[in-house]
Amino acid sequence: MGEFNLYVLTLGAMKSGIGFIKPEVDDVFVGITMNKYSETLSTAKKSLNFKLAAVKMERILLKETKKTKLSDFSLGWGKSETLYSWESFNLPNNNFPIFWWNKYVDGGTRNTVFNRLQ
């Protein structure tokens with residue numbers, strides 16, 4: 001196979017994700033770099049309290065569907081704590097599941113804040 005260069009261009013990405021992919025490609029350009037939400041809070045105590053509250057909210061959600069486990073998405077996929085969306089697009093799964101998980105713990109259907117294919 002011939003040699004090639006691989007470049008990544010994205011509108012937005014998590015800082016942790018950029019660090020993960022950067023060694024694998026020739027260059028990365030990101031329009032908006034985002035930190036975990038808890039990293040934007042002013043103190044470690046606020047950060048911890050926020051995470052505890054977010055996980056507590058997840059208790060109303062069904063623990064597992066046919067295809068996915070809530071535990072895989074707690075605080076967002078990879079615990080990325082993302083807070084972003086693009087209108088008219090499928091919400092990324094690294095957002096907090098309380099915004100997009102479509103089943104209650106009793107199996108009932110939720111009206112979610114954002115749409116995500118599940």
# chains A, B, ... in the order shown; residues from 1 in each chain; ligands from 1
$ residues_around --residues "Val30 (chain A)" --least-positions-apart "2" --cutoff "10 Å" --atoms "only C-alpha atoms" --output "number ranges by chain"
A: 8-15, 18, 28, 32-34
$ residues_around --residues "Ile60 (chain A)" --least-positions-apart "3" --cutoff "8 Å" --atoms "only C-alpha atoms" --output "list of chain:residue names"
A:Met57, A:Tyr104, A:Val105
$ atom_distance --atom1 "CA of Ala44 (chain A)" --atom2 "CA of Phe20 (chain A)"
24.4 Å
$ closest_residue --among "A:Leu52, A:Ser85, A:Asn94, A:Asn115" --to "Ser16 (chain A)" --atoms "only C-alpha atoms"
A:Asn94
$ select_by_dssp --residues "chain A" --states "alpha helix (DSSP H)" --output "ChimeraX atom specification"
/A:15-21,44-57
$ write_last_selection --atoms "N, CA, C and O atoms" --output "mmCIF file, in the first residue's frame"
data_model
loop_
_atom_site.group_PDB
_atom_site.id
_atom_site.type_symbol
_atom_site.label_atom_id
_atom_site.label_comp_id
_atom_site.auth_asym_id
_atom_site.auth_seq_id
_atom_site.Cartn_x
_atom_site.Cartn_y
_atom_site.Cartn_z
ATOM 1 N N LYS A 15 -11.198 18.250 24.273
ATOM 2 C CA LYS A 15 -9.747 18.316 24.454
ATOM 3 C C LYS A 15 -9.160 16.912 24.635
ATOM 4 O O LYS A 15 -8.137 16.582 24.041
ATOM 5 N N SER A 16 -9.832 16.092 25.413
ATOM 6 C CA SER A 16 -9.344 14.724 25.646
ATOM 7 C C SER A 16 -9.358 13.897 24.363
ATOM 8 O O SER A 16 -8.473 13.089 24.128
ATOM 9 N N GLY A 17 -10.357 14.112 23.516
ATOM 10 C CA GLY A 17 -10.429 13.388 22.254
ATOM 11 C C GLY A 17 -9.332 13.791 21.291
ATOM 12 O O GLY A 17 -8.776 12.951 20.575
ATOM 13 N N ILE A 18 -9.013 15.073 21.286
ATOM 14 C CA ILE A 18 -7.933 15.560 20.424
ATOM 15 C C ILE A 18 -6.618 14.899 20.828
ATOM 16 O O ILE A 18 -5.848 14.447 19.987
ATOM 17 N N GLY A 19 -6.370 14.835 22.127
ATOM 18 C CA GLY A 19 -5.154 14.193 22.628
ATOM 19 C C GLY A 19 -5.074 12.724 22.257
ATOM 20 O O GLY A 19 -3.999 12.183 22.023
ATOM 21 N N PHE A 20 -6.226 12.088 22.156
ATOM 22 C CA PHE A 20 -6.285 10.667 21.808
ATOM 23 C C PHE A 20 -5.949 10.440 20.335
ATOM 24 O O PHE A 20 -5.240 9.506 19.990
ATOM 25 N N ILE A 21 -6.454 11.309 19.459
ATOM 26 C CA ILE A 21 -6.292 11.092 18.020
ATOM 27 C C ILE A 21 -5.018 11.711 17.450
ATOM 28 O O ILE A 21 -4.468 11.229 16.469
ATOM 29 N N ALA A 44 -12.838 22.497 42.934
ATOM 30 C CA ALA A 44 -12.930 21.033 42.899
ATOM 31 C C ALA A 44 -14.217 20.563 43.570
ATOM 32 O O ALA A 44 -14.842 19.593 43.132
ATOM 33 N N LYS A 45 -14.644 21.269 44.608
ATOM 34 C CA LYS A 45 -15.873 20.897 45.308
ATOM 35 C C LYS A 45 -17.083 21.064 44.389
ATOM 36 O O LYS A 45 -17.952 20.199 44.337
ATOM 37 N N LYS A 46 -17.140 22.167 43.651
ATOM 38 C CA LYS A 46 -18.249 22.376 42.712
ATOM 39 C C LYS A 46 -18.232 21.311 41.621
ATOM 40 O O LYS A 46 -19.272 20.829 41.190
ATOM 41 N N SER A 47 -17.035 20.959 41.168
ATOM 42 C CA SER A 47 -16.889 19.939 40.144
ATOM 43 C C SER A 47 -17.439 18.600 40.631
ATOM 44 O O SER A 47 -18.216 17.933 39.947
ATOM 45 N N LEU A 48 -17.043 18.196 41.832
ATOM 46 C CA LEU A 48 -17.510 16.937 42.399
ATOM 47 C C LEU A 48 -19.020 16.973 42.622
ATOM 48 O O LEU A 48 -19.723 16.017 42.281
ATOM 49 N N ASN A 49 -19.537 18.063 43.175
ATOM 50 C CA ASN A 49 -20.978 18.182 43.426
ATOM 51 C C ASN A 49 -21.764 18.086 42.117
ATOM 52 O O ASN A 49 -22.825 17.468 42.063
ATOM 53 N N PHE A 50 -21.240 18.700 41.067
ATOM 54 C CA PHE A 50 -21.911 18.634 39.777
ATOM 55 C C PHE A 50 -21.967 17.186 39.277
ATOM 56 O O PHE A 50 -23.007 16.702 38.840
ATOM 57 N N LYS A 51 -20.840 16.487 39.320
ATOM 58 C CA LYS A 51 -20.801 15.100 38.844
ATOM 59 C C LYS A 51 -21.758 14.219 39.648
ATOM 60 O O LYS A 51 -22.465 13.385 39.069
ATOM 61 N N LEU A 52 -21.781 14.391 40.962
ATOM 62 C CA LEU A 52 -22.685 13.606 41.801
ATOM 63 C C LEU A 52 -24.137 13.882 41.439
ATOM 64 O O LEU A 52 -24.957 12.960 41.362
ATOM 65 N N ALA A 53 -24.476 15.139 41.201
ATOM 66 C CA ALA A 53 -25.845 15.509 40.823
ATOM 67 C C ALA A 53 -26.215 14.930 39.459
ATOM 68 O O ALA A 53 -27.334 14.429 39.269
ATOM 69 N N ALA A 54 -25.287 14.964 38.521
ATOM 70 C CA ALA A 54 -25.563 14.431 37.176
ATOM 71 C C ALA A 54 -25.815 12.928 37.233
ATOM 72 O O ALA A 54 -26.748 12.421 36.607
ATOM 73 N N VAL A 55 -24.998 12.209 37.996
ATOM 74 C CA VAL A 55 -25.180 10.760 38.131
ATOM 75 C C VAL A 55 -26.490 10.461 38.865
ATOM 76 O O VAL A 55 -27.208 9.519 38.518
ATOM 77 N N LYS A 56 -26.831 11.275 39.844
ATOM 78 C CA LYS A 56 -28.091 11.093 40.575
ATOM 79 C C LYS A 56 -29.285 11.249 39.622
ATOM 80 O O LYS A 56 -30.245 10.488 39.690
ATOM 81 N N MET A 57 -29.219 12.206 38.705
ATOM 82 C CA MET A 57 -30.303 12.390 37.728
ATOM 83 C C MET A 57 -30.449 11.163 36.835
ATOM 84 O O MET A 57 -31.551 10.841 36.393
#
$ atom_distance --atom1 "CA of Trp77 (chain A)" --atom2 "CA of Tyr37 (chain A)"
13.4 Å
$ residues_around --residues "region 71-74 of chain A" --least-positions-apart "2" --cutoff "9 Å" --atoms "only C-alpha atoms" --output "number ranges by chain"
A: 54-55, 58, 63-64, 68-69, 76-79, 81, 93-97
$ write_last_selection --atoms "N, CA, C and O atoms" --output "compact mmCIF listing (two decimals), in the first residue's frame"
# COMPACT_ATOMS: atom_id res chain seq x y z
N ALA A 54 -25.29 14.96 38.52
CA ALA A 54 -25.56 14.43 37.18
C ALA A 54 -25.81 12.93 37.23
O ALA A 54 -26.75 12.42 36.61
N VAL A 55 -25.00 12.21 38.00
CA VAL A 55 -25.18 10.76 38.13
C VAL A 55 -26.49 10.46 38.87
O VAL A 55 -27.21 9.52 38.52
N GLU A 58 -29.36 10.48 36.57
CA GLU A 58 -29.40 9.30 35.71
C GLU A 58 -30.20 8.15 36.32
O GLU A 58 -30.59 7.22 35.61
N LYS A 63 -31.67 1.24 32.81
CA LYS A 63 -30.25 0.86 32.91
C LYS A 63 -29.70 0.22 31.64
O LYS A 63 -28.50 0.28 31.38
N GLU A 64 -30.57 -0.41 30.85
CA GLU A 64 -30.09 -1.09 29.66
C GLU A 64 -31.22 -1.23 28.64
O GLU A 64 -32.35 -1.53 29.00
N THR A 68 -27.82 -0.97 24.18
CA THR A 68 -26.89 -0.13 24.94
C THR A 68 -27.11 -0.22 26.44
O THR A 68 -28.21 -0.45 26.92
N LYS A 69 -26.02 -0.01 27.17
CA LYS A 69 -26.06 0.06 28.62
C LYS A 69 -25.84 1.51 29.05
O LYS A 69 -24.92 2.17 28.57
N GLY A 76 -21.80 11.00 29.89
CA GLY A 76 -21.42 11.07 28.47
C GLY A 76 -20.42 9.97 28.16
O GLY A 76 -19.69 9.51 29.03
N TRP A 77 -20.41 9.51 26.89
CA TRP A 77 -19.50 8.44 26.50
C TRP A 77 -18.07 8.81 26.88
O TRP A 77 -17.61 9.92 26.65
N GLY A 78 -17.38 7.86 27.50
CA GLY A 78 -16.02 8.11 27.96
C GLY A 78 -15.95 9.13 29.09
O GLY A 78 -14.91 9.71 29.35
N LYS A 79 -17.10 9.34 29.75
CA LYS A 79 -17.20 10.34 30.84
C LYS A 79 -16.70 11.71 30.37
O LYS A 79 -16.04 12.44 31.09
N GLU A 81 -18.45 14.41 29.58
CA GLU A 81 -19.18 15.56 30.14
C GLU A 81 -19.39 16.68 29.11
O GLU A 81 -19.19 17.84 29.37
N ASN A 93 -23.30 11.13 21.47
CA ASN A 93 -23.52 10.31 22.68
C ASN A 93 -22.59 10.67 23.82
O ASN A 93 -22.69 10.11 24.89
N ASN A 94 -21.67 11.60 23.61
CA ASN A 94 -20.83 12.00 24.74
C ASN A 94 -21.45 13.14 25.53
O ASN A 94 -20.88 13.63 26.49
N ASN A 95 -22.67 13.55 25.16
CA ASN A 95 -23.46 14.46 25.99
C ASN A 95 -24.05 13.68 27.16
O ASN A 95 -24.21 12.46 27.09
N PHE A 96 -24.42 14.38 28.19
CA PHE A 96 -25.03 13.75 29.36
C PHE A 96 -26.30 13.00 28.94
O PHE A 96 -27.15 13.57 28.26
N PRO A 97 -26.44 11.74 29.34
CA PRO A 97 -27.60 10.96 28.89
C PRO A 97 -28.94 11.50 29.38
O PRO A 97 -29.96 11.22 28.76
$ atom_distance --atom1 "CA of Val113 (chain A)" --atom2 "CA of Trp101 (chain A)"
9.4 Å
$ closest_residue --among "A:Val25, A:Leu61, A:Leu41, A:Leu70" --to "Thr109 (chain A)" --atoms "only C-alpha atoms"
A:Leu61
$ select_by_dssp --residues "region 11-106 of chain A" --states "strand (DSSP E)" --output "PyMOL selection string"
chain A and resi 11-14+27-34
$ write_last_selection --atoms "N, CA, C and O atoms" --output "short mmCIF file (atom, residue, chain, number, x, y, z; two decimals), in the first residue's frame"
data_model
loop_
_atom_site.label_atom_id
_atom_site.label_comp_id
_atom_site.auth_asym_id
_atom_site.auth_seq_id
_atom_site.Cartn_x
_atom_site.Cartn_y
_atom_site.Cartn_z
N LEU A 11 -15.45 20.71 13.36
CA LEU A 11 -15.98 21.95 13.91
C LEU A 11 -15.75 22.05 15.40
O LEU A 11 -15.45 23.11 15.93
N GLY A 12 -15.92 20.94 16.10
CA GLY A 12 -15.74 20.94 17.55
C GLY A 12 -15.26 19.59 18.03
O GLY A 12 -15.58 18.56 17.44
N ALA A 13 -14.48 19.60 19.11
CA ALA A 13 -13.98 18.35 19.67
C ALA A 13 -13.62 18.56 21.13
O ALA A 13 -13.28 19.67 21.55
N MET A 14 -13.67 17.47 21.87
CA MET A 14 -13.25 17.50 23.26
C MET A 14 -11.72 17.49 23.33
O MET A 14 -11.06 16.81 22.55
N ASP A 27 -2.05 15.83 11.20
CA ASP A 27 -2.41 17.12 11.80
C ASP A 27 -3.90 17.13 12.09
O ASP A 27 -4.68 16.41 11.46
N VAL A 28 -4.29 17.95 13.06
CA VAL A 28 -5.69 18.09 13.47
C VAL A 28 -6.01 19.57 13.52
O VAL A 28 -5.26 20.35 14.11
N PHE A 29 -7.14 19.96 12.93
CA PHE A 29 -7.66 21.32 13.09
C PHE A 29 -9.03 21.22 13.72
O PHE A 29 -9.90 20.51 13.22
N VAL A 30 -9.22 21.95 14.82
CA VAL A 30 -10.49 21.95 15.54
C VAL A 30 -10.95 23.39 15.67
O VAL A 30 -10.22 24.24 16.17
N GLY A 31 -12.17 23.66 15.23
CA GLY A 31 -12.73 25.00 15.33
C GLY A 31 -12.97 25.42 16.78
O GLY A 31 -12.59 26.51 17.19
N ILE A 32 -13.59 24.55 17.55
CA ILE A 32 -13.89 24.83 18.96
C ILE A 32 -13.41 23.65 19.79
O ILE A 32 -13.86 22.53 19.60
N THR A 33 -12.50 23.91 20.72
CA THR A 33 -12.01 22.89 21.63
C THR A 33 -12.77 23.02 22.95
O THR A 33 -12.87 24.11 23.51
N MET A 34 -13.30 21.89 23.44
CA MET A 34 -14.11 21.91 24.66
C MET A 34 -13.47 21.08 25.76
O MET A 34 -12.90 20.02 25.48
#
